[in-house]
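As provided, my_file-v8.pdb (PDB, C-alpha atoms and all ligand atoms) reads as follows.
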```
ATOM      1  CA  MET A 230     168.799 211.589 117.628
ATOM      2  CA  VAL A 231     166.399 212.803 120.291
ATOM      3  CA  LEU A 232     163.806 215.364 119.273
ATOM      4  CA  PRO A 233     161.684 217.676 121.476
ATOM      5  CA  GLU A 234     158.546 215.653 120.725
ATOM      6  CA  ASP A 235     160.111 212.365 121.857
ATOM      7  CA  PRO A 236     158.838 210.555 124.970
ATOM      8  CA  LYS A 237     159.525 212.122 128.337
ATOM      9  CA  TYR A 238     161.964 209.402 129.424
ATOM     10  CA  ALA A 239     164.192 210.209 126.437
ATOM     11  CA  LEU A 240     164.069 213.958 127.136
ATOM     12  CA  LYS A 241     164.845 213.316 130.786
ATOM     13  CA  LYS A 242     167.885 211.265 129.809
ATOM     14  CA  VAL A 243     169.039 214.022 127.459
ATOM     15  CA  ASP A 244     168.684 216.536 130.259
ATOM     16  CA  GLU A 245     170.832 214.405 132.576
ATOM     17  CA  ILE A 246     173.483 214.063 129.892
ATOM     18  CA  ARG A 247     173.422 217.797 129.171
ATOM     19  CA  GLU A 248     173.978 218.531 132.861
ATOM     20  CA  MET A 249     176.920 216.160 132.958
ATOM     21  CA  VAL A 250     178.373 217.712 129.783
ATOM     22  CA  ASP A 251     178.016 221.208 131.233
ATOM     23  CA  ASN A 252     179.832 220.108 134.389
ATOM     24  CA  ASP A 253     182.565 218.528 132.317
ATOM     25  CA  LEU A 254     182.952 221.685 130.273
ATOM     26  CA  GLY A 255     183.488 223.388 133.599
ATOM     27  CA  PHE A 256     182.201 226.766 132.636
ATOM     28  CA  GLN A 257     178.878 228.456 132.372
ATOM     29  CA  GLN A 258     177.240 227.674 129.071
ATOM     30  CA  ALA A 259     174.945 230.065 127.313
ATOM     31  CA  PRO A 260     171.401 228.827 127.770
ATOM     32  CA  LEU A 261     169.785 227.103 124.852
ATOM     33  CA  MET A 262     167.706 229.544 122.875
ATOM     34  CA  CYS A 263     164.608 227.423 122.708
ATOM     35  CA  TYR A 264     164.442 223.922 124.144
ATOM     36  CA  SER A 265     161.535 222.974 121.958
ATOM     37  CA  ARG A 266     163.638 223.376 118.825
ATOM     38  CA  THR A 267     166.813 221.529 119.791
ATOM     39  CA  LYS A 268     168.005 218.253 118.335
ATOM     40  CA  THR A 269     170.300 216.070 120.390
ATOM     41  CA  LEU A 270     172.575 213.453 118.917
ATOM     42  CA  LEU A 271     173.983 210.799 121.195
ATOM     43  CA  PHE A 272     176.863 208.564 120.192
ATOM     44  CA  ILE A 273     176.372 205.167 121.837
ATOM     45  CA  SER A 274     179.307 202.780 122.172
ATOM     46  CA  ASN A 275     179.075 199.046 121.492
ATOM     47  CA  ASP A 276     178.794 198.476 125.238
ATOM     48  CA  LYS A 277     175.765 200.804 125.255
ATOM     49  CA  LYS A 278     177.379 203.807 126.923
ATOM     50  CA  VAL A 279     176.839 207.406 125.886
ATOM     51  CA  VAL A 280     180.286 208.506 124.735
ATOM     52  CA  GLY A 281     179.327 211.516 122.669
ATOM     53  CA  CYS A 282     176.690 214.209 122.722
ATOM     54  CA  LEU A 283     175.864 217.035 120.353
ATOM     55  CA  ILE A 284     173.071 219.523 120.964
ATOM     56  CA  ALA A 285     172.038 221.636 118.019
ATOM     57  CA  GLU A 286     169.586 224.502 117.733
ATOM     58  CA  HIS A 287     168.188 226.699 114.987
ATOM     59  CA  ILE A 288     169.969 229.997 114.599
ATOM     60  CA  GLN A 289     169.842 232.799 112.088
ATOM     61  CA  TRP A 290     173.235 234.390 112.321
ATOM     62  CA  GLY A 291     176.834 233.502 112.979
ATOM     63  CA  TYR A 292     179.972 235.598 113.361
ATOM     64  CA  ARG A 293     183.244 234.693 111.752
ATOM     65  CA  VAL A 294     186.272 234.048 113.939
ATOM     66  CA  ILE A 295     189.088 236.397 113.060
ATOM     67  CA  GLU A 296     192.211 234.387 112.553
ATOM     68  CA  GLU A 297     195.236 235.715 114.278
ATOM     69  CA  LYS A 298     198.573 235.544 112.574
ATOM     70  CA  LEU A 299     200.378 232.585 114.110
ATOM     71  CA  PRO A 300     203.928 232.973 115.235
ATOM     72  CA  VAL A 301     206.298 230.578 113.490
ATOM     73  CA  ILE A 302     205.219 227.275 114.982
ATOM     74  CA  ARG A 303     207.260 224.220 114.420
ATOM     75  CA  SER A 304     205.409 221.326 115.966
ATOM     76  CA  GLU A 305     201.790 220.245 116.354
ATOM     77  CA  GLU A 306     202.320 220.346 120.138
ATOM     78  CA  GLU A 307     203.373 223.980 119.994
ATOM     79  CA  LYS A 308     200.340 224.812 117.884
ATOM     80  CA  VAL A 309     197.987 223.216 120.434
ATOM     81  CA  ARG A 310     199.714 224.981 123.340
ATOM     82  CA  PHE A 311     199.458 228.327 121.558
ATOM     83  CA  GLU A 312     195.805 227.728 120.694
ATOM     84  CA  ARG A 313     194.938 226.945 124.313
ATOM     85  CA  GLN A 314     196.563 230.101 125.648
ATOM     86  CA  LYS A 315     195.414 232.739 123.258
ATOM     87  CA  ALA A 316     192.215 234.728 123.378
ATOM     88  CA  TRP A 317     190.156 234.811 120.221
ATOM     89  CA  CYS A 318     188.090 237.445 118.488
ATOM     90  CA  CYS A 319     185.277 237.351 116.016
ATOM     91  CA  SER A 320     183.741 239.718 113.532
ATOM     92  CA  THR A 321     180.741 241.830 114.547
ATOM     93  CA  LEU A 322     179.269 241.363 111.092
ATOM     94  CA  PRO A 323     176.432 238.824 111.191
ATOM     95  CA  GLU A 324     176.392 236.178 108.466
ATOM     96  CA  PRO A 325     173.405 233.938 107.791
ATOM     97  CA  ALA A 326     173.613 230.523 109.429
ATOM     98  CA  ILE A 327     171.106 227.724 110.034
ATOM     99  CA  CYS A 328     172.401 225.371 112.672
ATOM    100  CA  GLY A 329     174.062 226.250 115.955
ATOM    101  CA  ILE A 330     176.099 223.642 117.791
ATOM    102  CA  SER A 331     175.264 224.519 121.342
ATOM    103  CA  ARG A 332     177.293 221.710 122.875
ATOM    104  CA  ILE A 333     179.578 219.050 121.504
ATOM    105  CA  TRP A 334     181.255 216.632 123.841
ATOM    106  CA  VAL A 335     183.063 213.301 123.656
ATOM    107  CA  PHE A 336     184.024 211.156 126.646
ATOM    108  CA  SER A 337     187.681 211.908 127.457
ATOM    109  CA  MET A 338     188.945 208.341 126.879
ATOM    110  CA  MET A 339     187.327 208.228 123.448
ATOM    111  CA  ARG A 340     188.606 211.489 121.986
ATOM    112  CA  ARG A 341     190.538 211.755 118.711
ATOM    113  CA  LYS A 342     188.654 208.812 117.204
ATOM    114  CA  LYS A 343     186.514 210.985 114.921
ATOM    115  CA  ILE A 344     183.420 210.639 117.096
ATOM    116  CA  ALA A 345     182.743 214.398 117.069
ATOM    117  CA  SER A 346     183.326 214.495 113.299
ATOM    118  CA  ARG A 347     180.864 211.645 112.794
ATOM    119  CA  MET A 348     178.255 213.331 114.990
ATOM    120  CA  ILE A 349     178.511 216.523 112.923
ATOM    121  CA  GLU A 350     178.244 214.568 109.673
ATOM    122  CA  CYS A 351     175.107 212.957 111.037
ATOM    123  CA  LEU A 352     173.785 216.340 112.156
ATOM    124  CA  ARG A 353     174.371 217.837 108.723
ATOM    125  CA  SER A 354     172.220 215.183 107.062
ATOM    126  CA  ASN A 355     169.485 215.152 109.698
ATOM    127  CA  PHE A 356     169.052 218.704 110.959
ATOM    128  CA  ILE A 357     166.765 219.758 108.135
ATOM    129  CA  TYR A 358     164.724 217.058 106.483
ATOM    130  CA  GLY A 359     165.830 216.398 102.913
ATOM    131  CA  SER A 360     168.848 218.648 102.910
ATOM    132  CA  TYR A 361     172.513 218.334 103.745
ATOM    133  CA  LEU A 362     173.890 221.385 105.531
ATOM    134  CA  SER A 363     177.110 222.866 104.308
ATOM    135  CA  LYS A 364     179.884 223.636 106.787
ATOM    136  CA  GLU A 365     179.195 227.330 106.119
ATOM    137  CA  GLU A 366     175.685 226.977 107.545
ATOM    138  CA  ILE A 367     176.916 225.708 110.908
ATOM    139  CA  ALA A 368     178.155 227.830 113.823
ATOM    140  CA  PHE A 369     179.723 226.834 117.136
ATOM    141  CA  SER A 370     178.560 228.301 120.433
ATOM    142  CA  ASP A 371     181.382 230.027 122.314
ATOM    143  CA  PRO A 372     183.994 227.333 121.548
ATOM    144  CA  THR A 373     186.429 226.001 124.135
ATOM    145  CA  PRO A 374     190.109 225.614 123.125
ATOM    146  CA  ASP A 375     189.416 221.939 122.267
ATOM    147  CA  GLY A 376     186.314 223.008 120.368
ATOM    148  CA  LYS A 377     188.288 225.580 118.438
ATOM    149  CA  LEU A 378     191.010 223.100 117.476
ATOM    150  CA  PHE A 379     188.358 220.640 116.401
ATOM    151  CA  ALA A 380     186.261 223.191 114.474
ATOM    152  CA  THR A 381     189.344 224.543 112.684
ATOM    153  CA  GLN A 382     190.199 221.056 111.508
ATOM    154  CA  TYR A 383     186.619 220.046 110.686
ATOM    155  CA  CYS A 384     185.749 223.245 108.820
ATOM    156  CA  GLY A 385     189.118 223.373 107.113
ATOM    157  CA  THR A 386     189.649 226.955 108.310
ATOM    158  CA  GLY A 387     190.183 228.871 111.535
ATOM    159  CA  GLN A 388     187.589 231.354 110.278
ATOM    160  CA  PHE A 389     184.538 229.264 111.112
ATOM    161  CA  LEU A 390     181.301 230.771 112.428
ATOM    162  CA  VAL A 391     180.513 231.232 116.122
ATOM    163  CA  TYR A 392     177.491 232.514 118.025
ATOM    164  CA  ASN A 393     176.222 232.969 121.558
ATOM    165  CA  PHE A 394     179.479 234.128 123.083
ATOM    166  CA  ILE A 395     178.841 234.594 126.777
ATOM    167  CA  ASN A 396     180.348 238.053 127.069
ATOM    168  CA  GLY A 397     179.111 239.372 123.763
ATOM    169  CA  GLN A 398     175.780 240.965 123.031
ATOM    170  CA  ASN A 399     175.291 238.997 119.870
ATOM    171  CA  ASN A 400     172.934 236.332 121.134
ATOM    172  CA  THR A 401     171.025 235.125 118.103
TER     173      THR A 401
HETATM  174  N1  LIG A 501     193.672 219.105 119.982
HETATM  175  C1  LIG A 501     194.099 219.233 118.702
HETATM  176  N2  LIG A 501     193.355 218.884 117.613
HETATM  177  C2  LIG A 501     192.129 218.383 117.855
HETATM  178  C3  LIG A 501     191.608 218.203 119.168
HETATM  179  C4  LIG A 501     192.446 218.596 120.250
HETATM  180  N3  LIG A 501     192.056 218.474 121.532
HETATM  181  N4  LIG A 501     190.385 217.670 119.096
HETATM  182  C5  LIG A 501     190.127 217.505 117.771
HETATM  183  N5  LIG A 501     191.162 217.933 117.021
HETATM  184  C6  LIG A 501     191.280 217.960 115.560
HETATM  185  C7  LIG A 501     192.259 216.901 115.102
HETATM  186  O1  LIG A 501     192.866 217.360 113.900
HETATM  187  C8  LIG A 501     191.348 215.709 114.830
HETATM  188  O2  LIG A 501     191.875 214.813 113.860
HETATM  189  P1  LIG A 501     193.093 213.814 114.263
HETATM  190  O3  LIG A 501     192.732 213.189 115.580
HETATM  191  O4  LIG A 501     193.123 212.854 113.108
HETATM  192  O5  LIG A 501     194.326 214.690 114.351
HETATM  193  C9  LIG A 501     190.110 216.367 114.264
HETATM  194  O6  LIG A 501     190.004 217.617 114.975
HETATM  195  C10 LIG A 501     188.839 215.542 114.419
HETATM  196  O7  LIG A 501     188.647 215.283 115.809
HETATM  197  P2  LIG A 501     187.579 214.217 116.357
HETATM  198  O8  LIG A 501     188.282 212.932 116.688
HETATM  199  O9  LIG A 501     186.431 214.121 115.428
HETATM  200  O10 LIG A 501     187.120 214.958 117.695
HETATM  201  P3  LIG A 501     186.777 214.286 119.098
HETATM  202  O11 LIG A 501     185.870 213.130 118.920
HETATM  203  O12 LIG A 501     188.036 214.033 119.832
HETATM  204  O13 LIG A 501     185.959 215.456 119.830
HETATM  205  C11 LIG A 501     185.785 217.485 121.094
HETATM  206  C12 LIG A 501     186.414 216.792 119.866
HETATM  207  C13 LIG A 501     186.153 218.983 121.058
HETATM  208  C14 LIG A 501     184.275 217.359 121.056
HETATM  209  C15 LIG A 501     186.352 216.804 122.373
HETATM  210  O14 LIG A 501     187.723 217.151 122.500
HETATM  211  C16 LIG A 501     185.652 217.216 123.658
HETATM  212  O15 LIG A 501     184.617 216.657 124.009
HETATM  213  N6  LIG A 501     186.213 218.172 124.426
HETATM  214  C17 LIG A 501     185.630 218.600 125.700
HETATM  215  C18 LIG A 501     184.341 219.352 125.486
HETATM  216  C19 LIG A 501     184.555 220.561 124.603
HETATM  217  O16 LIG A 501     185.469 221.354 124.814
HETATM  218  N7  LIG A 501     183.673 220.698 123.612
HETATM  219  C20 LIG A 501     183.746 221.770 122.633
HETATM  220  C21 LIG A 501     182.703 222.788 122.920
HETATM  221  S1  LIG A 501     182.783 224.023 121.645
END
```

Write out the structure in this file as structure tokens.
Amino acid sequence: MVLPEDPKYALKKVDEIREMVDNDLGFQQAPLMCYSRTKTLLFISNDKKVVGCLIAEHIQWGYRVIEEKLPVIRSEEEKVRFERQKAWCCSTLPEPAICGISRIWVFSMMRRKKIASRMIECLRSNFIYGSYLSKEEIAFSDPTPDGKLFATQYCGTGQFLVYNFINGQNNT
């Protein structure tokens, strides 16, 4: 975990990784609310490569995704295809939240190995000293289709919290 007060070389490295992640995401990310309050988790492989990155920030409010009724879907593949195509909506009612996941990224060749899940587990125990965040206290920034599939599985519901949606006015 890299914290804002860490040495400059570490912050510089985090900045490089964040740039690479933003390029990989391929769309404009909402700016971080306050750099001095972010916590960055890096997942380092045995061969000392950064294969995962999670940037978290303090937030106050999240907005619940409104789950759409799914058409009758037979296979997992169909579900993923549907999820990638559809637009999503969220409630305008703010709900208290503590931790915003601004970015979460895993190197493409290493996906579906629970690296993102492990980074969030680690975040939940380290974001606030001495407490373990519940899934209800975490929100995802403007999730991508992959992010949405992941968050739905991790949170155990499609009605997880989001914040910072680029086109919305609800920047917290
Ligand atoms: N399609 C369908 N289900 C997915 C999924 C996907 N692309 N990614 C994760 N899940 C679900 C699965 O149920 C998975 O469990 P399983 O592999 O046993 O079926 C579960 O979430 C846990 O996934 P995990 O292995 O912990 O996630 P990951 O390490 O592969 O990382 C992302 C997930 C989203 C971080 C990764 O796909 C990624 O970096 N994508 C590109 C960047 C991005 O879009 N980030 C999200 C920004 S909000």

Contacts to ligand LIG 501 (chain A) at 8 Å cut-off (all atoms listed in the file) as a VMD selection string: chain A and resid 250 253 to 254 281 309 330 to 337 339 to 347 369 to 383

12 Å contact set for Glu245 of chain A, only C-alpha atoms, chain neighbours under 6 positions out, as a VMD selection string: chain A and resid 238 to 239 251 to 252 279 282

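Atom CA of Lys364 of chain A to atom CA of Lys278 of chain A spans 28.4 Å [interatomic distance, one decimal].
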
Residue IDs satisfying the PyMOL selection byres (((chain A and resi 231-237) around 6) and not hetatm), as a list in words: Met230, Tyr238, Ala239, Leu240, Lys241, Ser265, Lys268 and Thr269 of chain A

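Comparing A:Ala316, A:Ala368, A:Met249, A:Val280 by their smallest distance to Tyr292 of chain A, the closest is A:Ala368 (using all atoms listed in the file).
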
Ref. answer, residues at most 12 Å from (194.5, 231.8, 120.8) with all atoms listed in the file, as a list of chain:residue names: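 Counting all atoms listed in the file, I find these residues within 12 Å of (194.5, 231.8, 120.8): A:Val294, A:Ile295, A:Glu296, A:Glu297, A:Lys298, A:Leu299, A:Pro300, A:Glu307, A:Lys308, A:Val309, A:Arg310, A:Phe311, A:Glu312, A:Arg313, A:Gln314, A:Lys315, A:Ala316, A:Trp317, A:Cys318, A:Cys319, A:Pro372, A:Thr373, A:Pro374, A:Asp375, A:Lys377, A:Leu378, A:Gly387.
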
Reconstruct all heavy atoms of segment 315-326 of chain A; output as a PDB file, in the coordinates of the input.
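Generated output (part-v9.pdb):
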```pdb
ATOM      1  N   LYS A 315     195.775 231.430 123.813  1.00  0.00           N
ATOM      2  CA  LYS A 315     195.414 232.739 123.258  1.00  0.00           C
ATOM      3  C   LYS A 315     193.910 233.022 123.339  1.00  0.00           C
ATOM      4  O   LYS A 315     193.089 232.099 123.313  1.00  0.00           O
ATOM      5  CB  LYS A 315     195.914 232.859 121.827  1.00  0.00           C
ATOM      6  CG  LYS A 315     195.092 232.137 120.799  1.00  0.00           C
ATOM      7  CD  LYS A 315     195.709 232.384 119.433  1.00  0.00           C
ATOM      8  CE  LYS A 315     195.110 231.541 118.374  1.00  0.00           C
ATOM      9  NZ  LYS A 315     193.945 231.948 117.734  1.00  0.00           N
ATOM     10  N   ALA A 316     193.616 234.313 123.440  1.00  0.00           N
ATOM     11  CA  ALA A 316     192.215 234.728 123.378  1.00  0.00           C
ATOM     12  C   ALA A 316     191.823 234.744 121.905  1.00  0.00           C
ATOM     13  O   ALA A 316     192.683 234.736 121.029  1.00  0.00           O
ATOM     14  CB  ALA A 316     192.079 236.124 123.967  1.00  0.00           C
ATOM     15  N   TRP A 317     190.535 234.732 121.624  1.00  0.00           N
ATOM     16  CA  TRP A 317     190.156 234.811 120.221  1.00  0.00           C
ATOM     17  C   TRP A 317     189.102 235.893 120.010  1.00  0.00           C
ATOM     18  O   TRP A 317     188.403 236.285 120.940  1.00  0.00           O
ATOM     19  CB  TRP A 317     189.685 233.450 119.709  1.00  0.00           C
ATOM     20  CG  TRP A 317     188.544 232.869 120.484  1.00  0.00           C
ATOM     21  CD1 TRP A 317     188.634 232.107 121.610  1.00  0.00           C
ATOM     22  CD2 TRP A 317     187.155 233.018 120.205  1.00  0.00           C
ATOM     23  NE1 TRP A 317     187.379 231.777 122.050  1.00  0.00           N
ATOM     24  CE2 TRP A 317     186.455 232.317 121.202  1.00  0.00           C
ATOM     25  CE3 TRP A 317     186.443 233.673 119.205  1.00  0.00           C
ATOM     26  CZ2 TRP A 317     185.079 232.268 121.228  1.00  0.00           C
ATOM     27  CZ3 TRP A 317     185.057 233.615 119.226  1.00  0.00           C
ATOM     28  CH2 TRP A 317     184.399 232.914 120.233  1.00  0.00           C
ATOM     29  N   CYS A 318     189.030 236.367 118.811  1.00  0.00           N
ATOM     30  CA  CYS A 318     188.090 237.445 118.488  1.00  0.00           C
ATOM     31  C   CYS A 318     187.229 237.002 117.322  1.00  0.00           C
ATOM     32  O   CYS A 318     187.626 236.136 116.537  1.00  0.00           O
ATOM     33  CB  CYS A 318     188.832 238.690 118.005  1.00  0.00           C
ATOM     34  SG  CYS A 318     190.073 239.240 119.134  1.00  0.00           S
ATOM     35  N   CYS A 319     186.067 237.633 117.203  1.00  0.00           N
ATOM     36  CA  CYS A 319     185.277 237.351 116.016  1.00  0.00           C
ATOM     37  C   CYS A 319     184.686 238.635 115.466  1.00  0.00           C
ATOM     38  O   CYS A 319     184.611 239.651 116.156  1.00  0.00           O
ATOM     39  CB  CYS A 319     184.210 236.303 116.295  1.00  0.00           C
ATOM     40  SG  CYS A 319     182.952 236.860 117.409  1.00  0.00           S
ATOM     41  N   SER A 320     184.292 238.564 114.233  1.00  0.00           N
ATOM     42  CA  SER A 320     183.741 239.718 113.532  1.00  0.00           C
ATOM     43  C   SER A 320     182.410 240.126 114.181  1.00  0.00           C
ATOM     44  O   SER A 320     181.724 239.298 114.783  1.00  0.00           O
ATOM     45  CB  SER A 320     183.522 239.307 112.075  1.00  0.00           C
ATOM     46  OG  SER A 320     182.657 240.196 111.462  1.00  0.00           O
ATOM     47  N   THR A 321     182.048 241.382 114.035  1.00  0.00           N
ATOM     48  CA  THR A 321     180.741 241.830 114.547  1.00  0.00           C
ATOM     49  C   THR A 321     179.708 241.805 113.423  1.00  0.00           C
ATOM     50  O   THR A 321     178.546 242.137 113.623  1.00  0.00           O
ATOM     51  CB  THR A 321     180.834 243.272 115.105  1.00  0.00           C
ATOM     52  OG1 THR A 321     181.422 244.091 114.095  1.00  0.00           O
ATOM     53  CG2 THR A 321     181.664 243.324 116.365  1.00  0.00           C
ATOM     54  N   LEU A 322     180.161 241.388 112.257  1.00  0.00           N
ATOM     55  CA  LEU A 322     179.269 241.363 111.092  1.00  0.00           C
ATOM     56  C   LEU A 322     178.503 240.038 111.055  1.00  0.00           C
ATOM     57  O   LEU A 322     179.107 238.973 110.915  1.00  0.00           O
ATOM     58  CB  LEU A 322     180.137 241.486 109.832  1.00  0.00           C
ATOM     59  CG  LEU A 322     179.389 241.664 108.526  1.00  0.00           C
ATOM     60  CD1 LEU A 322     178.884 243.099 108.410  1.00  0.00           C
ATOM     61  CD2 LEU A 322     180.325 241.330 107.355  1.00  0.00           C
ATOM     62  N   PRO A 323     177.166 240.086 111.208  1.00  0.00           N
ATOM     63  CA  PRO A 323     176.432 238.824 111.191  1.00  0.00           C
ATOM     64  C   PRO A 323     176.397 238.203 109.799  1.00  0.00           C
ATOM     65  O   PRO A 323     176.289 238.921 108.806  1.00  0.00           O
ATOM     66  CB  PRO A 323     175.028 239.214 111.644  1.00  0.00           C
ATOM     67  CG  PRO A 323     174.934 240.684 111.539  1.00  0.00           C
ATOM     68  CD  PRO A 323     176.295 241.262 111.391  1.00  0.00           C
ATOM     69  N   GLU A 324     176.523 236.888 109.747  1.00  0.00           N
ATOM     70  CA  GLU A 324     176.392 236.178 108.466  1.00  0.00           C
ATOM     71  C   GLU A 324     175.304 235.132 108.646  1.00  0.00           C
ATOM     72  O   GLU A 324     175.197 234.528 109.714  1.00  0.00           O
ATOM     73  CB  GLU A 324     177.705 235.466 108.114  1.00  0.00           C
ATOM     74  CG  GLU A 324     178.814 236.449 107.822  1.00  0.00           C
ATOM     75  CD  GLU A 324     180.091 235.749 107.358  1.00  0.00           C
ATOM     76  OE1 GLU A 324     180.010 234.748 106.624  1.00  0.00           O
ATOM     77  OE2 GLU A 324     181.163 236.216 107.757  1.00  0.00           O
ATOM     78  N   PRO A 325     174.491 234.897 107.620  1.00  0.00           N
ATOM     79  CA  PRO A 325     173.405 233.938 107.791  1.00  0.00           C
ATOM     80  C   PRO A 325     173.927 232.541 108.122  1.00  0.00           C
ATOM     81  O   PRO A 325     174.938 232.107 107.571  1.00  0.00           O
ATOM     82  CB  PRO A 325     172.693 233.943 106.431  1.00  0.00           C
ATOM     83  CG  PRO A 325     173.465 234.833 105.539  1.00  0.00           C
ATOM     84  CD  PRO A 325     174.542 235.504 106.295  1.00  0.00           C
ATOM     85  N   ALA A 326     173.258 231.900 109.058  1.00  0.00           N
ATOM     86  CA  ALA A 326     173.613 230.523 109.429  1.00  0.00           C
ATOM     87  C   ALA A 326     172.308 229.806 109.752  1.00  0.00           C
ATOM     88  O   ALA A 326     171.261 230.445 109.928  1.00  0.00           O
ATOM     89  CB  ALA A 326     174.539 230.530 110.624  1.00  0.00           C
TER      90      ALA A 326
END
```
